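The block underneath contains the structure these notes are about, expressed in structure tokens.
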Amino acid sequence: MALLEAKVKSVLSGDTVILHNINNPKQERTLSLAFVSAPRLKREGDEPFAFESRDFLRRQLVGKVVQFKILYKIPTGANREYGVISLSNRTNLPDLAVAEGWLKLRDDAGRKDDSEDAAALLERLQVFEARAKADSKGLWQESGGRINSSSELSDPKQFVEENKGKDLTAIVEKVLAGDRLIVRFLLLPTEHVQTMVLLAGIRAPATKRTNPSDGKEQPAEPFGDEAHQFVETRLLQRNVVANVLGTSPNGQIVATIKHPTQGSIAPFLLKAGLAKCTDHHTTLLGGEMAALRQAEKSAKDSKQGLYQGHVAPKASTAGQIEATVSRIQSADTLFLRNKAGAEKRINLSSVRQPKPTDPKQAPWGPEAKEFLRKRLIGKHVQFHIDGKRPATEGYDEREMATVTFQGKNIGLLLVENGLASVIRHRQDDTDRSPIYDDLLLAESAAQEAQKGLWSPKAPSAKQYVDYSESLEKAKRQLTLLSRQRKVPAIVDFVKSGSRFTVLVPRENAKLTLVLSGIRAPRSARNPSEKGEPFGQEAHDFANKRCQQRDVEIDVEDCDKVGGFIGTLYINRENFAKTLVEEGLATVHAYSAEKSGNANELFAAEQRAKDARKGLWHDYDPSQDEDAEQADTGADANGQNGDAAAERRKDYRDVMVTHVTDEGRLKLQQVGTGTSALTELMNAFRSFHLNPTNNQGLPNPPKAGEFVAAKFTADDEWYRARIRRNDREAKKAEVVYIDYGNSETIPWSRLRPLTQAQFAPQKLKPQAQDAQLSFTQLPGNPEYLADAVNFIAQETADRQLVANVDQVDKDGTLWVTLFDPKQSDKADQSINAEVISEGLAMVPKKLRAWERSATDILAALNKRQTTAKEERRGQWEYGDLTDD
């Protein structure tokens, strides 16, 4: 028979090999050496010299191209082929193995083949065997050959501890997948251990496998077979060096497997795009992980294997941006202000603050925040945006950034000190820190050192007592604070240009501080309220200079509501003087004289006047008045007490356009506003019916932006405002500003509202917030839903009369609603009907103006008693108010 050529894939025993086609490795055949037999490797225990016999053949043949010839076949059983093998150096097998004593001639060798070649081979082998016996070679040795080989590790963790840091000699017995192998560790000449090993730092796609639970075959993942073959052709039955690093959660050994000449296989596998880096092994590999990440990046760049369709994320061209830290919201969220004064909120990449919901971690939240505040507030930092997290339920869109201060990565600094944990990203999540591996290593080191979050002891919690809560508390603390000069404090919150919440750590005190000697213009407290001129500028200036800064305070007195009046020093400079100098406050002569800062403040005010700054932008010296202002420094930023509240009598014709799930009303006042709205809506519909006006939004909408929106129920266009935005789904939640209802619609149903004739400035939004007076809606969701449905039915499509009993500071109207066709008396209202149905109660805690309406309260309480007795609505199971 002619000579054939093949490559040796593996050696099963001293007399049997697996060959594969040189061009197609999947074409395999098993060949046993003719006329000979070798001792067997068995799971229950190897025969003497079985490993040595196989190892002799393995070293000679594995991975080499050989020529072979089939001499005979035995058709029974496995239908095995028997033959001879020749190497390129003219070495022949089984001749060499028999000569070295690693194979025995079969007893029936002479009966296998009658050809002349076979007879000559058999004669040679008999001579070789006789010499090997005489020389006590191989199998013919008088002692030895017993190797203790176990196929299971009793304690993988102990094995790792004993062998960590050592170069272990090993043989790859089997390749299960691109990232998992069966490895024989040659611990001693007579002690071997076979076990499964995971390749450190990588995750390769799975090969075809059978699910043991249901016996179903699961196909290979894409590139699973290629990864398997890549490793098999390079490592199967090769001598390798193994460095054990640790164990997986399932107790499997994690190790680096190195080829004798080429080094670790992992980077080669990654570079070919046949595996991905896994974060789970970063702490085991340490600095070696960087080389693997680089190999993975190379595969992505060249779109190899798994990354064939890979689209690299757009790299930010901005590079490092300089900014000033204006506020620390939490240990992983900062507010940065750029040179133009614009503020941006960023989250630290891959870092999470101590979880407020975790009882063990929560106490470290204030510690971590204070750690950052001390180091960063007001400091110049560099930052680089690494990615964005889209807006989700309850969260706005977040930008993830790497922030460095004086060359130190802030996220890494937090993790090193145990004041933050590292986020475990999904494997395909690219919005991560560029030093993610360093963060994982730092977290592991912090855990070992039991720092911060990982400490068994919680930090001592600092409880601040609010002494501005009441006048009595303030007076008690005033005695102590007024004796001290320049008390160290921290500005916790800026309420307005001259009013602050400050913390005094050494006294465990929290207090409201009002700057003495000046009056700053009042800023708006909410969007619907209008502030005084330059009030917002003063507030913003105070925010910029004082927010979260270390300051010193001198306390002189306290006002009527528990606020402390005094001086605030920042960088040893009186902030009141700075505020006056910028033209953002005026001097209050009486309190300035009282505080002893009058000369300094009047000089600062004169400088602001001369420079025409802020409040003095149109200052005319000839009209300068010397009259003192009547307000005290204590009353600079708001009222110190409410006037005695009375229920108003203010009847208005209204339409209820919407009732929210919480029971709040949206009203339109009938009159000039509604007629103007009717005119506007007619023009609005005509405008949007014109095909020339059907352009969509030029840019993705932003929260708070006014738009035209096409309502789903009637496909008509209405004025709306964006409440929330979902960039991924390209949808926005809109509130219809003239009717109060809301819905989530695609961006395609939005258009710009830039036309002056339809702008909110031309006709203000007609839907007003309102709530029913004298009622407290149920806390139970089912009864609340019944109440909302009842109110909606009673008010739907009806023109009603509302008595506006009170107007809150935020513009919310407290109303009693009457149906002019049915209501004859003051107590015959929709409010009363809701209470009669048992779908609301008279509030336990009444507002001052509600308490003044004794006649109405008496009538409502009577209705409530009847509803209780008849077990209506929320009273069906008895009196809720009973203790």
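Here's how to read the names in the structure tokens: chain A, B, ... by the order shown, residue numbers from 1 in each chain, ligand numbers from 1 in the order shown.
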Query raised in the report: Hey, what does DSSP flag as strand (DSSP E or B) within region 546-788 of chain A? Can you give it to me as a PyMOL selection string?
Result: chain A and resi 550-558+564-570+573-574+586-587+651-659+665-669+706-710+717-726+731-736+742-746+750-752+768-772+776
Please write the residues from the selection above to a file, keeping C-alpha atoms, as a compact mmCIF listing (two decimals), in the first residue's frame.
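The result, written out as result_37.txt:
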# COMPACT_ATOMS: atom_id res chain seq x y z
CA ASP A 550 -15.36 75.95 54.28
CA VAL A 551 -16.23 79.30 55.90
CA GLU A 552 -16.12 81.06 59.24
CA ILE A 553 -19.10 82.72 60.92
CA ASP A 554 -19.68 85.34 63.63
CA VAL A 555 -23.17 85.19 65.11
CA GLU A 556 -24.69 88.36 66.59
CA ASP A 557 -28.43 87.80 67.03
CA CYS A 558 -31.37 85.78 65.82
CA PHE A 564 -29.15 83.49 63.03
CA ILE A 565 -27.98 86.98 62.01
CA GLY A 566 -24.25 87.39 61.54
CA THR A 567 -21.19 87.66 59.32
CA LEU A 568 -19.88 84.98 56.95
CA TYR A 569 -16.19 84.95 56.03
CA ILE A 570 -14.93 83.07 53.00
CA GLU A 573 -13.15 88.06 53.56
CA ASN A 574 -16.59 89.28 54.64
CA THR A 586 -27.59 97.26 49.37
CA VAL A 587 -26.42 98.35 52.82
CA TYR A 651 -65.97 83.40 42.67
CA ARG A 652 -64.83 82.47 39.16
CA ASP A 653 -66.44 80.58 36.25
CA VAL A 654 -64.27 77.55 35.47
CA MET A 655 -64.05 74.33 33.48
CA VAL A 656 -62.21 71.31 34.91
CA THR A 657 -60.11 70.01 32.01
CA HIS A 658 -58.25 67.17 33.75
CA VAL A 659 -58.07 65.28 37.06
CA LEU A 665 -57.35 69.41 39.24
CA LYS A 666 -56.51 71.34 36.11
CA LEU A 667 -58.83 74.33 35.61
CA GLN A 668 -59.53 76.75 32.81
CA GLN A 669 -61.05 80.06 33.89
CA PHE A 706 -42.46 74.14 24.52
CA VAL A 707 -43.65 72.25 21.41
CA ALA A 708 -46.70 71.58 19.29
CA ALA A 709 -47.93 68.02 19.93
CA LYS A 710 -50.49 65.89 18.11
CA TRP A 717 -52.46 69.73 17.41
CA TYR A 718 -52.13 71.41 20.85
CA ARG A 719 -49.56 73.47 22.72
CA ALA A 720 -47.46 71.26 25.02
CA ARG A 721 -44.32 71.15 27.12
CA ILE A 722 -41.75 68.33 27.30
CA ARG A 723 -41.75 66.71 30.75
CA ARG A 724 -39.41 63.77 30.09
CA ASN A 725 -37.44 62.55 27.09
CA ASP A 726 -36.52 58.97 26.07
CA LYS A 731 -40.38 59.31 22.57
CA ALA A 732 -41.27 62.16 24.90
CA GLU A 733 -43.75 62.62 27.73
CA VAL A 734 -45.63 65.87 27.06
CA VAL A 735 -48.02 67.95 29.16
CA TYR A 736 -50.73 69.82 27.23
CA SER A 742 -50.20 64.34 29.62
CA GLU A 743 -49.15 61.40 27.45
CA THR A 744 -46.05 59.78 25.94
CA ILE A 745 -45.81 60.14 22.15
CA PRO A 746 -43.14 59.59 19.44
CA LEU A 750 -43.98 66.86 17.66
CA ARG A 751 -43.33 70.16 15.89
CA PRO A 752 -41.55 73.35 16.93
CA GLN A 768 -54.14 76.08 36.29
CA ASP A 769 -53.29 73.75 39.18
CA ALA A 770 -56.04 73.44 41.77
CA GLN A 771 -57.08 71.27 44.70
CA LEU A 772 -60.38 70.75 46.48
CA GLN A 776 -58.31 64.86 52.24
Query raised in the report: If you count only C-alpha atoms, which residues fall within 8 Å of Glu443 (chain A), apart from same-chain ones fewer than 2 positions away, as a ChimeraX atom specification?
Result: /A:415-416,418,421-422,439-441,445-447
Selection to disk with N, CA and C atoms, as a short mmCIF file (atom, residue, chain, number, x, y, z; two decimals), in the first residue's frame:
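The resulting file, part_19.cif, is reproduced below:
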data_model
loop_
_atom_site.label_atom_id
_atom_site.label_comp_id
_atom_site.auth_asym_id
_atom_site.auth_seq_id
_atom_site.Cartn_x
_atom_site.Cartn_y
_atom_site.Cartn_z
N VAL A 415 -11.99 54.68 45.38
CA VAL A 415 -11.99 53.21 45.50
C VAL A 415 -10.83 52.75 46.38
N GLU A 416 -9.66 53.38 46.20
CA GLU A 416 -8.49 53.01 47.01
C GLU A 416 -8.75 53.20 48.50
N GLY A 418 -11.64 52.92 49.91
CA GLY A 418 -12.80 52.16 50.34
C GLY A 418 -14.06 53.00 50.46
N SER A 421 -17.52 51.75 45.44
CA SER A 421 -17.33 50.41 44.86
C SER A 421 -17.27 50.56 43.34
N VAL A 422 -16.87 49.49 42.68
CA VAL A 422 -16.71 49.51 41.22
C VAL A 422 -17.94 48.85 40.58
N LEU A 439 -9.22 50.08 38.63
CA LEU A 439 -10.27 50.26 39.63
C LEU A 439 -10.60 48.93 40.32
N LEU A 440 -10.70 47.87 39.52
CA LEU A 440 -11.01 46.54 40.09
C LEU A 440 -9.90 46.09 41.03
N LEU A 441 -8.66 46.34 40.63
CA LEU A 441 -7.52 45.95 41.49
C LEU A 441 -7.52 46.77 42.78
N ALA A 445 -7.78 45.47 46.64
CA ALA A 445 -6.79 45.83 47.67
C ALA A 445 -7.49 46.47 48.88
N ALA A 446 -8.50 47.31 48.62
CA ALA A 446 -9.23 47.96 49.71
C ALA A 446 -10.01 46.93 50.53
N GLN A 447 -10.54 45.91 49.85
CA GLN A 447 -11.26 44.84 50.56
C GLN A 447 -10.31 44.07 51.47
#
Query raised in the report: From the list A:Leu19, A:Leu235, A:Leu839, A:Ala272, which residue is nearest Asp301 (chain A) when using only C-alpha atoms?
Result: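 Smallest separation from Asp301 (chain A) among the options: A:Ala272.
In this structure, CA of Asp214 (chain A) sits 28.0 Å away from CA of Ala275 (chain A).
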**Report entry** Ala342 (chain A) environment, 12 Å, only C-alpha atoms, sequence neighbours closer than 4 positions dropped, as an NGL selection string
**Finding:** :A and (323-326 or 335-338 or 540 or 544)
With N, CA, C and O atoms retained, export the selected residues as an mmCIF file, in the first residue's frame.
data_model
loop_
_atom_site.group_PDB
_atom_site.id
_atom_site.type_symbol
_atom_site.label_atom_id
_atom_site.label_comp_id
_atom_site.auth_asym_id
_atom_site.auth_seq_id
_atom_site.Cartn_x
_atom_site.Cartn_y
_atom_site.Cartn_z
ATOM 1 N N ALA A 323 -12.330 72.470 34.173
ATOM 2 C CA ALA A 323 -13.541 73.007 34.800
ATOM 3 C C ALA A 323 -13.284 73.172 36.289
ATOM 4 O O ALA A 323 -12.274 72.705 36.822
ATOM 5 N N THR A 324 -14.230 73.853 36.950
ATOM 6 C CA THR A 324 -14.154 74.041 38.394
ATOM 7 C C THR A 324 -15.267 73.240 39.046
ATOM 8 O O THR A 324 -16.404 73.245 38.554
ATOM 9 N N VAL A 325 -14.955 72.543 40.129
ATOM 10 C CA VAL A 325 -15.968 71.761 40.838
ATOM 11 C C VAL A 325 -16.839 72.727 41.634
ATOM 12 O O VAL A 325 -16.367 73.400 42.548
ATOM 13 N N SER A 326 -18.130 72.807 41.256
ATOM 14 C CA SER A 326 -19.023 73.760 41.921
ATOM 15 C C SER A 326 -19.853 73.113 43.027
ATOM 16 O O SER A 326 -20.267 73.780 43.965
ATOM 17 N N PHE A 335 -20.934 68.422 40.145
ATOM 18 C CA PHE A 335 -21.342 69.510 39.241
ATOM 19 C C PHE A 335 -20.094 70.316 38.913
ATOM 20 O O PHE A 335 -19.362 70.740 39.821
ATOM 21 N N LEU A 336 -19.826 70.476 37.610
ATOM 22 C CA LEU A 336 -18.636 71.188 37.153
ATOM 23 C C LEU A 336 -19.056 72.457 36.412
ATOM 24 O O LEU A 336 -20.046 72.456 35.667
ATOM 25 N N ARG A 337 -18.291 73.528 36.613
ATOM 26 C CA ARG A 337 -18.591 74.795 35.936
ATOM 27 C C ARG A 337 -17.444 75.134 34.995
ATOM 28 O O ARG A 337 -16.278 75.143 35.414
ATOM 29 N N ASN A 338 -17.758 75.361 33.719
ATOM 30 C CA ASN A 338 -16.690 75.683 32.759
ATOM 31 C C ASN A 338 -16.354 77.178 32.807
ATOM 32 O O ASN A 338 -16.942 77.944 33.572
ATOM 33 N N ASP A 540 -27.185 83.360 42.343
ATOM 34 C CA ASP A 540 -26.187 82.616 41.563
ATOM 35 C C ASP A 540 -24.765 82.952 42.017
ATOM 36 O O ASP A 540 -23.898 82.066 42.097
ATOM 37 N N LYS A 544 -22.089 80.366 43.545
ATOM 38 C CA LYS A 544 -20.771 80.169 42.925
ATOM 39 C C LYS A 544 -19.643 80.314 43.942
ATOM 40 O O LYS A 544 -18.679 79.541 43.931
#
Query raised in the report: What lies within 10 Å of Pro94 (chain A) using only C-alpha atoms, ignoring chain neighbours under 6 positions off, as a PyMOL selection string?
Result: chain A and resi 14-15+32-37+57+83-86+102-105+121+125
For the residues in the current selection, export N, CA and C atoms as a PDB file, in the first residue's frame.
ATOM      1  N   GLY A  14       0.659   4.571  24.133  1.00  0.00           N
ATOM      2  CA  GLY A  14       1.973   4.313  23.535  1.00  0.00           C
ATOM      3  C   GLY A  14       1.919   3.665  22.170  1.00  0.00           C
ATOM      4  N   ASP A  15       0.719   3.147  21.750  1.00  0.00           N
ATOM      5  CA  ASP A  15       0.649   2.472  20.447  1.00  0.00           C
ATOM      6  C   ASP A  15      -0.439   3.027  19.522  1.00  0.00           C
ATOM      7  N   SER A  32      -3.290   2.618  14.882  1.00  0.00           N
ATOM      8  CA  SER A  32      -2.494   1.914  15.896  1.00  0.00           C
ATOM      9  C   SER A  32      -1.248   1.350  15.229  1.00  0.00           C
ATOM     10  N   LEU A  33      -0.165   1.314  15.985  1.00  0.00           N
ATOM     11  CA  LEU A  33       1.089   0.767  15.441  1.00  0.00           C
ATOM     12  C   LEU A  33       0.976  -0.756  15.314  1.00  0.00           C
ATOM     13  N   ALA A  34       1.474  -1.266  14.186  1.00  0.00           N
ATOM     14  CA  ALA A  34       1.304  -2.683  13.846  1.00  0.00           C
ATOM     15  C   ALA A  34       2.149  -3.584  14.748  1.00  0.00           C
ATOM     16  N   PHE A  35       1.580  -4.719  15.104  1.00  0.00           N
ATOM     17  CA  PHE A  35       2.255  -5.840  15.791  1.00  0.00           C
ATOM     18  C   PHE A  35       2.629  -5.559  17.252  1.00  0.00           C
ATOM     19  N   VAL A  36       2.260  -4.366  17.773  1.00  0.00           N
ATOM     20  CA  VAL A  36       2.739  -4.041  19.126  1.00  0.00           C
ATOM     21  C   VAL A  36       1.577  -3.622  20.022  1.00  0.00           C
ATOM     22  N   SER A  37       1.838  -3.602  21.338  1.00  0.00           N
ATOM     23  CA  SER A  37       0.838  -3.100  22.287  1.00  0.00           C
ATOM     24  C   SER A  37       1.556  -2.331  23.391  1.00  0.00           C
ATOM     25  N   LEU A  57       5.937   8.438  22.825  1.00  0.00           N
ATOM     26  CA  LEU A  57       5.356   8.598  21.497  1.00  0.00           C
ATOM     27  C   LEU A  57       4.880  10.042  21.285  1.00  0.00           C
ATOM     28  N   GLY A  83      -0.654   0.085  11.327  1.00  0.00           N
ATOM     29  CA  GLY A  83       0.335   0.381  10.308  1.00  0.00           C
ATOM     30  C   GLY A  83       1.633   0.879  10.913  1.00  0.00           C
ATOM     31  N   VAL A  84       2.431   1.521  10.080  1.00  0.00           N
ATOM     32  CA  VAL A  84       3.738   2.051  10.501  1.00  0.00           C
ATOM     33  C   VAL A  84       3.796   3.534  10.154  1.00  0.00           C
ATOM     34  N   ILE A  85       4.645   4.278  10.907  1.00  0.00           N
ATOM     35  CA  ILE A  85       4.770   5.732  10.722  1.00  0.00           C
ATOM     36  C   ILE A  85       6.234   6.078  10.506  1.00  0.00           C
ATOM     37  N   SER A  86       6.452   6.999   9.549  1.00  0.00           N
ATOM     38  CA  SER A  86       7.817   7.470   9.276  1.00  0.00           C
ATOM     39  C   SER A  86       7.868   8.968   9.462  1.00  0.00           C
ATOM     40  N   TRP A 102       9.497   0.753  25.052  1.00  0.00           N
ATOM     41  CA  TRP A 102       8.199   1.317  25.467  1.00  0.00           C
ATOM     42  C   TRP A 102       7.008   0.587  24.847  1.00  0.00           C
ATOM     43  N   LEU A 103       7.296  -0.423  23.982  1.00  0.00           N
ATOM     44  CA  LEU A 103       6.223  -1.224  23.393  1.00  0.00           C
ATOM     45  C   LEU A 103       6.606  -2.699  23.447  1.00  0.00           C
ATOM     46  N   LYS A 104       5.593  -3.570  23.522  1.00  0.00           N
ATOM     47  CA  LYS A 104       5.803  -5.027  23.485  1.00  0.00           C
ATOM     48  C   LYS A 104       5.214  -5.570  22.195  1.00  0.00           C
ATOM     49  N   LEU A 105       5.827  -6.634  21.727  1.00  0.00           N
ATOM     50  CA  LEU A 105       5.246  -7.332  20.569  1.00  0.00           C
ATOM     51  C   LEU A 105       4.014  -8.100  21.035  1.00  0.00           C
ATOM     52  N   LEU A 121       9.500  -6.616   8.921  1.00  0.00           N
ATOM     53  CA  LEU A 121       9.271  -5.693  10.051  1.00  0.00           C
ATOM     54  C   LEU A 121       9.200  -6.471  11.362  1.00  0.00           C
ATOM     55  N   LEU A 125      11.514  -6.120  14.697  1.00  0.00           N
ATOM     56  CA  LEU A 125      10.948  -5.789  16.007  1.00  0.00           C
ATOM     57  C   LEU A 125      11.343  -6.823  17.060  1.00  0.00           C
TER      58      LEU A 125
END
